[in-house]
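Asks: Before I ask anything, here is the structure I am working with.
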Amino acid sequence: MQPIVSRRGIWMLGALTALALLSPPADVHAQIFDRLKRATKKAEEVQKKLEPMSVEEEREVGREVAAKLIAALHLYKDEALTRYVNMVGATVAAQSERQDIQYHFAVLDSDDINAFSAPGGYVFITKGAVALCEDESELGGVLAHEVGHIAGKHVLKIVERDKTLRVGMEESKAQMPGSDYLNKMSQGILVKIIDQGLAPGDEYDADQRGLKYAHAAGYPATGLSRFLTKLDQATQQGGKSFWTRTHPPVSERNVRLEKAITAEHWEDADRPNLADRFAAQTQMLKPKA
Amino acid sequence: MNSKLRFGSLVLVSALMLGIAVPLAMAQDNASQDQEKPQKEEKPKKKKGGFFGGLKAISGSSSEQQEVTTTAGSKTVGEGEEIGNAKPTAADRQAVNGMEKYSISQDDLAKFQEEGQLKR
């Protein structure tokens with residue numbers, strides 16, 4: 001007798017049933033799709049956190065750090081001194097190899113002997129640090145050291161290395177001034193630069209860069225090392241500075257600076273220290289008799 | 001029934017079982033993930049190390065701000081931490097804008113550099 005369904009038919013029917021049964025229901029499809037979508041989004045977020053910061057993002061972070069420094073320490077509002085510091089700062093910053101950002105300089109109303117730099121080109125020096133300088137080459141040396149940190153992207157590299165720091169950066173309002181992301185990021189930067197200190201290698205690098213910029217600008221190469229010696233003495237006599245607390249020892253820094261000056265033959269004795277101009281421009285900081 | 005038909009039946013039954021088992025396994029997986037979520041939330045949050053390690057929100061009186069007890073013992077709140085906790089006002093942000101907009105004319109800068117025998 002001829003079978004109702006052929007063997008081939010039975011096999012075809014079996015295969016089709018198996019296919020129908022094996023394919024998951026529509027909601028499972030949706031779940032799989034949803035998971036794939038979430039995994040892709042997560043991968044994109046991680047990738048973004050590992051990417052170098054754009055100049056704009058760097059500037060927003062630096063702007064928040066600058067706002068906090070001003071909020072806590074306040075600007076020293078003296079037009080003549082601000083102008084002078086900007087003149088010296090612009091002169092050394094012009095020698096920096098990093099020219100994709102603008103450098104901004106300001107004096108903070110603090111008697112502590114400190115100088116700060118934030119990503120994006122923001123450089124601060126306290127009036128205490130300006131008052132410790134004896135001539136323009138020393139001021140130029142300090143500002144050039146800070147420009148060196150920005151040019152070397154020392155803080156930026158720490159931020160870029162640690163992807164946990166950039167949690168929240170992908171949110172649409174992350175770059176708004178005062179956002180949670182910028183607040184957290186700038187807090188971390190300030191703790192790093194003031195309380196913990198950068199790696200000694202980064203400080204030595206900023207010294208070397210600063211030395212190069214100051215010398216290229218026409219200042220005697222010894223400005224920074226002379227300032228560091230005085231800073232060391234001042235802090236031993238009770239002067240407050242996070243530089244001596246978090247930076248490598250002055251003796252070691254000066255040895256390295258002197259070695260570089262000798263190697264480069266930068267012992268130009270004929271370069272002016274500009275002590276008179278410095279004294280005239282900073283007379284508002286001198287104690288009144 | 002011949003052996004080929006028996007094999008065909010076996011394939012059909014296996015397919016039927018797989019068809020039921022796969023969605024069930026996925027449903028169970030989802031259910032176990034949902035159960036895990038609250039457990040994860042219950043775990044105490046680990047203190048982050050590295051860059052943001054030790055960051056604390058400063059609140060209360062100024063004397064409280066000076067000393068904060070951590071698991072590592074007593075430590076003074078760092079200056080950087082205090083500055084980091086500062087809340088910039090609109091005037092502070094305006095000051096940052098002023099710093100950015102501050103400009104020296106190129107002529108003045110050139111004169112300044114010339115007077116100091118500096119390089120342009």
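How things are named: the first chain in the structure tokens is A, the next is B, and so on; residues count from 1 in each chain; ligands count from 1 in the order shown.
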Considering only C-alpha atoms, return as an NGL selection string whatever protein or nucleic-acid residues lie within 8 Å of Trp266 in chain A, sequence-local ones (same chain, fewer than 5 positions apart) excluded.

Replies: :A and (215 or 220-221 or 261)

Asks: Could you name the residues that touch Thr235 in chain A at 10 Å or less, counting only C-alpha atoms, but leaving out those on the same chain fewer than 5 positions away, as a PyMOL selection string?

Replies: chain A and resi 112-113+230+240-245

Asks: Which neighbours of Ala80 in chain A fall inside 8 Å, counting only C-alpha atoms, when residues of the same chain fewer than 3 positions from it are skipped, and could you give them as a list in words?

Replies: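 With the cut-off at 8 Å, the set is Arg83, Tyr84 and Gln281 of chain A.
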
Asks: Please report the interatomic distance between CA of Cys133 in chain A and CA of Phe227 in chain A in Å with one decimal.

Replies: 6.3 Å

Asks: Choose the residue, out of B:Leu10, B:Glu115, B:Gly78, B:Ala90, that has the smallest atom-to-atom separation from Ile193 in chain A; count only C-alpha atoms.

Replies: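 Looking at the shortest contact to Ile193 in chain A, the residue is B:Gly78.
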
Asks: I need the residue nearest chain A from this list: B:Lys101, B:Gly84, B:Gln113, B:Ala91. Use only C-alpha atoms for the distance.

Replies: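 Nearest to chain A: B:Gly84.
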
Asks: Considering only C-alpha atoms, return as a list in words whatever protein or nucleic-acid residues lie within 10 Å of Asp100 in chain A, sequence-local ones (same chain, fewer than 5 positions apart) excluded.

Replies: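 Listing them by chain and then by number gives Val55, Gly120, Gly121 and Ala151 of chain A.
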
Asks: Suppose you want the space between CA of Ser137 in chain A and CA of Val155 in chain A; what is it in Å?

Replies: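 CA of Ser137 in chain A sits 25.6 Å away from CA of Val155 in chain A.
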
Asks: Would you compute the distance between CA of Ala206 in chain A and CA of His145 in chain A? Give it in Å to one decimal.

Replies: 5.2 Å

Asks: For range 282-284 of chain A, list every protein, DNA or RNA residue within 9 Å, evaluated using only C-alpha atoms, and leave out those in the same chain fewer than 5 positions away; present the list as a PyMOL selection string.

Replies: chain A and resi 78+80-81+84+130-131+277

Asks: Could you write out that same residue set with N, CA and C atoms as a compact mmCIF listing (two decimals), in the first residue's frame?

Replies:
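Output (again.txt):
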```txt
# COMPACT_ATOMS: atom_id res chain seq x y z
N ASP A 78 44.70 93.40 41.41
CA ASP A 78 45.55 94.55 41.16
C ASP A 78 45.88 94.53 39.67
N ALA A 80 47.75 96.31 37.73
CA ALA A 80 49.16 96.44 37.31
C ALA A 80 49.90 95.11 37.48
N LEU A 81 49.67 94.45 38.61
CA LEU A 81 50.36 93.17 38.85
C LEU A 81 49.83 92.09 37.90
N TYR A 84 51.38 92.62 34.59
CA TYR A 84 52.80 92.26 34.58
C TYR A 84 52.97 90.73 34.53
N VAL A 130 54.95 85.50 44.33
CA VAL A 130 55.51 86.65 43.59
C VAL A 130 56.43 87.45 44.52
N ALA A 131 55.97 87.62 45.76
CA ALA A 131 56.75 88.40 46.73
C ALA A 131 58.07 87.74 47.08
N ARG A 277 63.02 96.18 37.04
CA ARG A 277 61.66 96.19 36.49
C ARG A 277 60.72 95.39 37.40
```
